[in-house]
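Q: Here it is, the structure in full.
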Amino acid sequence: MTFHTKSAEETIALGKKIGEKLQPGDVIAMTGTLAAGKTTITKGIAQSLGISDDVTSPTFCLISEYEGTRMPLYHMDVYRLDGEEDFINLGVDDMLYGKGVCIIEWSEKVKKQLPKKTIYLTITPLEGSAANEREIKIENWKEEL
């Protein structure tokens with residue numbers, strides 16, 4: 001499935017739609033350039049999980065955990081990791097196979113370590129368009145949004 005959003009608000013709204021369909025144990029692997037909108041769409045997903053905290057990029061802390069009224073969210077940014085071994089050493093198994101939702105930014109660095117049922121989300125800023133226009137491609141999704 002491919003979507004186009006024209007503003008940060010539309011990207012957050014799409015995130016909410018995605019989040020409403022997520023179940024415990026779901027993993028979303030995100031790819032996209034710096035400032036593509038990965039954290040923006042995560043904000044919408046978090047809202048749909050009942051998280052009222054301000055969601056920010058976990059670039060420097062690597063993993064941010066949020067408690068939601070529906071389920072927890074584990075928001076990971078693996079940009080600064082050297083590879084898959086560093087990812088495994090973070091002790092992510094409990095999160096990847098737990099009772100919450102995992103969102104992994106820069107997931108291409110650890111793709112071999114992700115569950116087979118992982119949902120892949122690619123965000124691409126559209127060249128020559130307004131500053132916040134994005135193409136968002138979702139693969140391995142189980143149903144229509």
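Within each chain, counting starts at residue 1; across the structure tokens, chains are named A, B, ... in the order shown, with ligands numbered 1 upward in that order.
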When DSSP works through the backbone of this structure, what residues of region 37-142 of chain A end up as strand (DSSP E or B), shown as number ranges by chain?
A: A: 63-66, 73-77, 101-105, 119-125, 134-139
Q: Pull N, CA, C and O atoms from the residues just selected and write them as a compact mmCIF listing (two decimals), in the first residue's frame.
A:
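Below you can see again.txt, which holds the result:
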```
# COMPACT_ATOMS: atom_id res chain seq x y z
N ILE A 63 16.61 3.70 22.66
CA ILE A 63 15.27 3.13 22.85
C ILE A 63 14.49 4.02 23.82
O ILE A 63 14.95 4.32 24.90
N SER A 64 13.31 4.40 23.40
CA SER A 64 12.37 5.11 24.28
C SER A 64 11.19 4.19 24.52
O SER A 64 10.63 3.64 23.57
N GLU A 65 10.81 4.03 25.78
CA GLU A 65 9.66 3.20 26.13
C GLU A 65 8.53 4.11 26.60
O GLU A 65 8.75 5.01 27.40
N TYR A 66 7.33 3.86 26.08
CA TYR A 66 6.15 4.64 26.44
C TYR A 66 5.05 3.68 26.89
O TYR A 66 4.81 2.67 26.23
N LEU A 73 4.71 1.07 23.84
CA LEU A 73 5.41 1.31 22.59
C LEU A 73 6.91 1.35 22.90
O LEU A 73 7.34 2.03 23.83
N TYR A 74 7.68 0.60 22.11
CA TYR A 74 9.13 0.61 22.19
C TYR A 74 9.63 1.24 20.90
O TYR A 74 9.52 0.64 19.84
N HIS A 75 10.14 2.45 21.01
CA HIS A 75 10.56 3.23 19.85
C HIS A 75 12.08 3.20 19.81
O HIS A 75 12.75 3.74 20.69
N MET A 76 12.64 2.56 18.80
CA MET A 76 14.08 2.37 18.70
C MET A 76 14.65 3.13 17.51
O MET A 76 14.00 3.22 16.47
N ASP A 77 15.86 3.62 17.69
CA ASP A 77 16.59 4.25 16.59
C ASP A 77 17.96 3.59 16.56
O ASP A 77 18.76 3.77 17.48
N VAL A 101 4.19 -2.75 21.04
CA VAL A 101 4.51 -2.52 19.65
C VAL A 101 5.94 -1.97 19.58
O VAL A 101 6.30 -1.11 20.38
N CYS A 102 6.73 -2.48 18.65
CA CYS A 102 8.09 -1.98 18.41
C CYS A 102 8.11 -1.19 17.11
O CYS A 102 7.60 -1.68 16.10
N ILE A 103 8.72 -0.03 17.17
CA ILE A 103 8.98 0.74 15.95
C ILE A 103 10.48 0.95 15.90
O ILE A 103 11.08 1.43 16.86
N ILE A 104 11.08 0.56 14.79
CA ILE A 104 12.53 0.63 14.66
C ILE A 104 12.88 1.54 13.49
O ILE A 104 12.59 1.22 12.33
N GLU A 105 13.49 2.68 13.80
CA GLU A 105 13.97 3.60 12.77
C GLU A 105 15.35 3.15 12.31
O GLU A 105 16.13 2.64 13.09
N ILE A 119 6.31 -5.53 9.81
CA ILE A 119 5.68 -4.61 8.86
C ILE A 119 6.74 -3.60 8.44
O ILE A 119 7.41 -3.01 9.29
N TYR A 120 6.92 -3.42 7.13
CA TYR A 120 7.94 -2.51 6.62
C TYR A 120 7.30 -1.22 6.13
O TYR A 120 6.34 -1.25 5.37
N LEU A 121 7.85 -0.11 6.60
CA LEU A 121 7.31 1.20 6.27
C LEU A 121 8.45 2.07 5.75
O LEU A 121 9.44 2.26 6.46
N THR A 122 8.32 2.54 4.51
CA THR A 122 9.34 3.40 3.90
C THR A 122 8.73 4.77 3.69
O THR A 122 7.68 4.90 3.07
N ILE A 123 9.42 5.79 4.19
CA ILE A 123 8.95 7.17 4.05
C ILE A 123 9.92 7.92 3.14
O ILE A 123 11.13 7.94 3.39
N THR A 124 9.37 8.53 2.09
CA THR A 124 10.18 9.26 1.13
C THR A 124 9.63 10.67 0.97
O THR A 124 8.49 10.84 0.54
N PRO A 125 10.43 11.69 1.32
CA PRO A 125 10.01 13.07 1.02
C PRO A 125 9.93 13.23 -0.49
O PRO A 125 10.79 12.74 -1.22
N ARG A 134 4.97 13.65 1.63
CA ARG A 134 5.65 12.37 1.78
C ARG A 134 4.93 11.27 1.02
O ARG A 134 3.70 11.28 0.91
N GLU A 135 5.71 10.29 0.54
CA GLU A 135 5.16 9.04 0.05
C GLU A 135 5.48 8.02 1.14
O GLU A 135 6.64 7.89 1.56
N ILE A 136 4.46 7.30 1.59
CA ILE A 136 4.63 6.32 2.66
C ILE A 136 4.17 4.97 2.13
O ILE A 136 3.00 4.79 1.79
N LYS A 137 5.12 4.06 2.02
CA LYS A 137 4.85 2.73 1.48
C LYS A 137 4.87 1.72 2.63
O LYS A 137 5.82 1.69 3.41
N ILE A 138 3.81 0.91 2.70
CA ILE A 138 3.70 -0.10 3.75
C ILE A 138 3.70 -1.48 3.10
O ILE A 138 2.89 -1.74 2.19
N GLU A 139 4.59 -2.34 3.57
CA GLU A 139 4.70 -3.70 3.04
C GLU A 139 4.53 -4.71 4.18
O GLU A 139 4.89 -4.43 5.31
```
Q: Please give the complete set of residues from chain A that DSSP, run on the backbone, assigns to alpha helix (DSSP H), formatted as a PDB file with N, CA, C and O atoms, in the first residue's frame.
A:
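File produced: out_27.pdb:
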```pdb
ATOM      1  N   ALA A   8       2.581  17.500   8.091  1.00  0.00           N
ATOM      2  CA  ALA A   8       2.896  16.714   9.289  1.00  0.00           C
ATOM      3  C   ALA A   8       1.607  16.203   9.926  1.00  0.00           C
ATOM      4  O   ALA A   8       1.553  15.059  10.397  1.00  0.00           O
ATOM      5  N   GLU A   9       0.557  17.009   9.896  1.00  0.00           N
ATOM      6  CA  GLU A   9      -0.725  16.608  10.477  1.00  0.00           C
ATOM      7  C   GLU A   9      -1.308  15.390   9.760  1.00  0.00           C
ATOM      8  O   GLU A   9      -1.845  14.482  10.394  1.00  0.00           O
ATOM      9  N   GLU A  10      -1.205  15.373   8.417  1.00  0.00           N
ATOM     10  CA  GLU A  10      -1.693  14.217   7.652  1.00  0.00           C
ATOM     11  C   GLU A  10      -0.842  12.975   7.931  1.00  0.00           C
ATOM     12  O   GLU A  10      -1.355  11.862   7.982  1.00  0.00           O
ATOM     13  N   THR A  11       0.450  13.157   8.123  1.00  0.00           N
ATOM     14  CA  THR A  11       1.336  12.037   8.443  1.00  0.00           C
ATOM     15  C   THR A  11       0.995  11.473   9.815  1.00  0.00           C
ATOM     16  O   THR A  11       0.930  10.253  10.003  1.00  0.00           O
ATOM     17  N   ILE A  12       0.731  12.342  10.779  1.00  0.00           N
ATOM     18  CA  ILE A  12       0.317  11.896  12.116  1.00  0.00           C
ATOM     19  C   ILE A  12      -1.027  11.173  12.031  1.00  0.00           C
ATOM     20  O   ILE A  12      -1.220  10.127  12.661  1.00  0.00           O
ATOM     21  N   ALA A  13      -1.958  11.695  11.241  1.00  0.00           N
ATOM     22  CA  ALA A  13      -3.270  11.055  11.084  1.00  0.00           C
ATOM     23  C   ALA A  13      -3.134   9.653  10.485  1.00  0.00           C
ATOM     24  O   ALA A  13      -3.822   8.721  10.909  1.00  0.00           O
ATOM     25  N   LEU A  14      -2.240   9.484   9.510  1.00  0.00           N
ATOM     26  CA  LEU A  14      -1.992   8.157   8.949  1.00  0.00           C
ATOM     27  C   LEU A  14      -1.406   7.245  10.023  1.00  0.00           C
ATOM     28  O   LEU A  14      -1.789   6.081  10.138  1.00  0.00           O
ATOM     29  N   GLY A  15      -0.510   7.775  10.840  1.00  0.00           N
ATOM     30  CA  GLY A  15       0.047   7.009  11.944  1.00  0.00           C
ATOM     31  C   GLY A  15      -1.037   6.523  12.899  1.00  0.00           C
ATOM     32  O   GLY A  15      -1.001   5.376  13.362  1.00  0.00           O
ATOM     33  N   LYS A  16      -2.017   7.371  13.171  1.00  0.00           N
ATOM     34  CA  LYS A  16      -3.142   6.972  14.031  1.00  0.00           C
ATOM     35  C   LYS A  16      -3.912   5.806  13.418  1.00  0.00           C
ATOM     36  O   LYS A  16      -4.275   4.859  14.115  1.00  0.00           O
ATOM     37  N   LYS A  17      -4.180   5.876  12.122  1.00  0.00           N
ATOM     38  CA  LYS A  17      -4.898   4.783  11.441  1.00  0.00           C
ATOM     39  C   LYS A  17      -4.118   3.476  11.541  1.00  0.00           C
ATOM     40  O   LYS A  17      -4.683   2.412  11.770  1.00  0.00           O
ATOM     41  N   ILE A  18      -2.810   3.557  11.336  1.00  0.00           N
ATOM     42  CA  ILE A  18      -1.960   2.373  11.446  1.00  0.00           C
ATOM     43  C   ILE A  18      -2.015   1.838  12.872  1.00  0.00           C
ATOM     44  O   ILE A  18      -2.217   0.643  13.097  1.00  0.00           O
ATOM     45  N   GLY A  19      -1.833   2.722  13.821  1.00  0.00           N
ATOM     46  CA  GLY A  19      -1.803   2.326  15.229  1.00  0.00           C
ATOM     47  C   GLY A  19      -3.077   1.670  15.704  1.00  0.00           C
ATOM     48  O   GLY A  19      -3.045   0.763  16.548  1.00  0.00           O
ATOM     49  N   GLU A  20      -4.222   2.108  15.175  1.00  0.00           N
ATOM     50  CA  GLU A  20      -5.503   1.516  15.575  1.00  0.00           C
ATOM     51  C   GLU A  20      -5.593   0.042  15.216  1.00  0.00           C
ATOM     52  O   GLU A  20      -6.322  -0.717  15.843  1.00  0.00           O
ATOM     53  N   LYS A  21      -4.841  -0.395  14.211  1.00  0.00           N
ATOM     54  CA  LYS A  21      -4.887  -1.792  13.740  1.00  0.00           C
ATOM     55  C   LYS A  21      -3.807  -2.671  14.382  1.00  0.00           C
ATOM     56  O   LYS A  21      -3.828  -3.885  14.213  1.00  0.00           O
ATOM     57  N   LYS A  38       9.888   9.855  10.032  1.00  0.00           N
ATOM     58  CA  LYS A  38       9.746   8.608  10.795  1.00  0.00           C
ATOM     59  C   LYS A  38       9.185   8.872  12.199  1.00  0.00           C
ATOM     60  O   LYS A  38       8.262   8.186  12.638  1.00  0.00           O
ATOM     61  N   THR A  39       9.723   9.852  12.879  1.00  0.00           N
ATOM     62  CA  THR A  39       9.225  10.167  14.218  1.00  0.00           C
ATOM     63  C   THR A  39       7.844  10.812  14.145  1.00  0.00           C
ATOM     64  O   THR A  39       7.004  10.580  15.011  1.00  0.00           O
ATOM     65  N   THR A  40       7.574  11.555  13.103  1.00  0.00           N
ATOM     66  CA  THR A  40       6.259  12.182  12.948  1.00  0.00           C
ATOM     67  C   THR A  40       5.162  11.136  12.854  1.00  0.00           C
ATOM     68  O   THR A  40       4.143  11.223  13.546  1.00  0.00           O
ATOM     69  N   ILE A  41       5.336  10.122  12.022  1.00  0.00           N
ATOM     70  CA  ILE A  41       4.311   9.077  11.908  1.00  0.00           C
ATOM     71  C   ILE A  41       4.224   8.275  13.205  1.00  0.00           C
ATOM     72  O   ILE A  41       3.151   7.826  13.603  1.00  0.00           O
ATOM     73  N   THR A  42       5.355   8.125  13.896  1.00  0.00           N
ATOM     74  CA  THR A  42       5.363   7.420  15.185  1.00  0.00           C
ATOM     75  C   THR A  42       4.506   8.160  16.206  1.00  0.00           C
ATOM     76  O   THR A  42       3.851   7.534  17.043  1.00  0.00           O
ATOM     77  N   LYS A  43       4.470   9.483  16.140  1.00  0.00           N
ATOM     78  CA  LYS A  43       3.628  10.261  17.054  1.00  0.00           C
ATOM     79  C   LYS A  43       2.166   9.868  16.904  1.00  0.00           C
ATOM     80  O   LYS A  43       1.441   9.723  17.888  1.00  0.00           O
ATOM     81  N   GLY A  44       1.712   9.677  15.677  1.00  0.00           N
ATOM     82  CA  GLY A  44       0.328   9.263  15.443  1.00  0.00           C
ATOM     83  C   GLY A  44       0.072   7.857  15.944  1.00  0.00           C
ATOM     84  O   GLY A  44      -0.971   7.586  16.552  1.00  0.00           O
ATOM     85  N   ILE A  45       1.005   6.958  15.701  1.00  0.00           N
ATOM     86  CA  ILE A  45       0.865   5.584  16.201  1.00  0.00           C
ATOM     87  C   ILE A  45       0.768   5.604  17.719  1.00  0.00           C
ATOM     88  O   ILE A  45      -0.094   4.948  18.316  1.00  0.00           O
ATOM     89  N   ALA A  46       1.637   6.379  18.356  1.00  0.00           N
ATOM     90  CA  ALA A  46       1.636   6.473  19.817  1.00  0.00           C
ATOM     91  C   ALA A  46       0.297   6.993  20.337  1.00  0.00           C
ATOM     92  O   ALA A  46      -0.244   6.466  21.315  1.00  0.00           O
ATOM     93  N   GLN A  47      -0.251   8.002  19.692  1.00  0.00           N
ATOM     94  CA  GLN A  47      -1.544   8.551  20.128  1.00  0.00           C
ATOM     95  C   GLN A  47      -2.619   7.475  20.091  1.00  0.00           C
ATOM     96  O   GLN A  47      -3.441   7.380  21.004  1.00  0.00           O
ATOM     97  N   SER A  48      -2.613   6.639  19.050  1.00  0.00           N
ATOM     98  CA  SER A  48      -3.635   5.603  18.936  1.00  0.00           C
ATOM     99  C   SER A  48      -3.452   4.500  19.968  1.00  0.00           C
ATOM    100  O   SER A  48      -4.390   3.762  20.261  1.00  0.00           O
ATOM    101  N   GLU A  84      24.272  -5.502  13.584  1.00  0.00           N
ATOM    102  CA  GLU A  84      23.286  -6.397  14.196  1.00  0.00           C
ATOM    103  C   GLU A  84      23.703  -6.882  15.578  1.00  0.00           C
ATOM    104  O   GLU A  84      22.861  -7.060  16.453  1.00  0.00           O
ATOM    105  N   GLU A  85      24.987  -7.101  15.789  1.00  0.00           N
ATOM    106  CA  GLU A  85      25.446  -7.570  17.096  1.00  0.00           C
ATOM    107  C   GLU A  85      25.147  -6.540  18.184  1.00  0.00           C
ATOM    108  O   GLU A  85      24.715  -6.889  19.277  1.00  0.00           O
ATOM    109  N   ASP A  86      25.363  -5.265  17.882  1.00  0.00           N
ATOM    110  CA  ASP A  86      25.026  -4.206  18.839  1.00  0.00           C
ATOM    111  C   ASP A  86      23.529  -4.217  19.150  1.00  0.00           C
ATOM    112  O   ASP A  86      23.115  -4.003  20.293  1.00  0.00           O
ATOM    113  N   PHE A  87      22.723  -4.462  18.133  1.00  0.00           N
ATOM    114  CA  PHE A  87      21.265  -4.513  18.305  1.00  0.00           C
ATOM    115  C   PHE A  87      20.884  -5.650  19.250  1.00  0.00           C
ATOM    116  O   PHE A  87      20.122  -5.455  20.200  1.00  0.00           O
ATOM    117  N   ILE A  88      21.433  -6.818  19.027  1.00  0.00           N
ATOM    118  CA  ILE A  88      21.138  -7.972  19.878  1.00  0.00           C
ATOM    119  C   ILE A  88      21.590  -7.702  21.309  1.00  0.00           C
ATOM    120  O   ILE A  88      20.883  -8.034  22.274  1.00  0.00           O
ATOM    121  N   ASN A  89      22.753  -7.052  21.466  1.00  0.00           N
ATOM    122  CA  ASN A  89      23.291  -6.773  22.798  1.00  0.00           C
ATOM    123  C   ASN A  89      22.458  -5.766  23.583  1.00  0.00           C
ATOM    124  O   ASN A  89      22.645  -5.638  24.794  1.00  0.00           O
ATOM    125  N   ASP A  93      15.029  -8.640  22.486  1.00  0.00           N
ATOM    126  CA  ASP A  93      14.105  -9.771  22.310  1.00  0.00           C
ATOM    127  C   ASP A  93      12.808  -9.598  23.094  1.00  0.00           C
ATOM    128  O   ASP A  93      11.724  -9.897  22.589  1.00  0.00           O
ATOM    129  N   ASP A  94      12.904  -9.130  24.341  1.00  0.00           N
ATOM    130  CA  ASP A  94      11.691  -8.941  25.150  1.00  0.00           C
ATOM    131  C   ASP A  94      10.759  -7.910  24.535  1.00  0.00           C
ATOM    132  O   ASP A  94       9.550  -7.978  24.706  1.00  0.00           O
ATOM    133  N   MET A  95      11.318  -6.966  23.821  1.00  0.00           N
ATOM    134  CA  MET A  95      10.503  -5.939  23.180  1.00  0.00           C
ATOM    135  C   MET A  95       9.952  -6.440  21.843  1.00  0.00           C
ATOM    136  O   MET A  95       8.786  -6.234  21.535  1.00  0.00           O
ATOM    137  N   LEU A  96      10.804  -7.094  21.052  1.00  0.00           N
ATOM    138  CA  LEU A  96      10.370  -7.587  19.740  1.00  0.00           C
ATOM    139  C   LEU A  96       9.286  -8.645  19.854  1.00  0.00           C
ATOM    140  O   LEU A  96       8.429  -8.770  18.985  1.00  0.00           O
TER     141      LEU A  96
END
```
Q: Measuring atom to atom with only C-alpha atoms, identify which of A:Val55, A:Ala131, A:Leu81, A:Leu22 is nearest to Lys99 (chain A).
A: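 Looking only at the distances to Lys99 (chain A), the closest residue turns out to be A:Leu22.
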Q: Between A:Gly98, A:Gly37, A:Gly91, A:Gly83, which residue has the minimum interatomic distance to Lys111 (chain A), considering only C-alpha atoms?
A: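 Smallest distance to Lys111 (chain A) is found for A:Gly83.
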Q: My list of candidates is A:Met71, A:Val92, A:Met30, A:Leu49. Which is closest to Gln113 (chain A) when distances are computed with only C-alpha atoms?
A: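 Answer, going by the shortest atom-to-atom distance: A:Val92.
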Q: When distances are computed from only C-alpha atoms, which of A:Phe3, A:Trp141, A:Phe60, A:Tyr79 shows the smallest separation from Glu108 (chain A)?
A: A:Tyr79
Q: Measuring atom to atom with only C-alpha atoms, identify which of A:Lys112, A:Lys117, A:Ser52, A:Thr5 is nearest to Ala36 (chain A).
A: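 Once distances to Ala36 (chain A) are computed over only C-alpha atoms, the minimum belongs to A:Thr5.
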Q: How many Å separate CA of Glu67 (chain A) from CA of Asp53 (chain A)?
A: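 Here the two named atoms are 8.7 Å from each other.
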Q: Could you jot down the CA of Thr69 (chain A) to CA of Gly25 (chain A) separation for me, Å, one decimal place?
A: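 That distance, rounded to one decimal, is 15.6 Å.
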Q: With distances taken over only C-alpha atoms, which of A:Glu144, A:Asp82, A:Glu127, A:Asp54 is nearest to Thr2 (chain A)?
A: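 When distances to Thr2 (chain A) are compared using only C-alpha atoms, the smallest one comes from A:Glu144.
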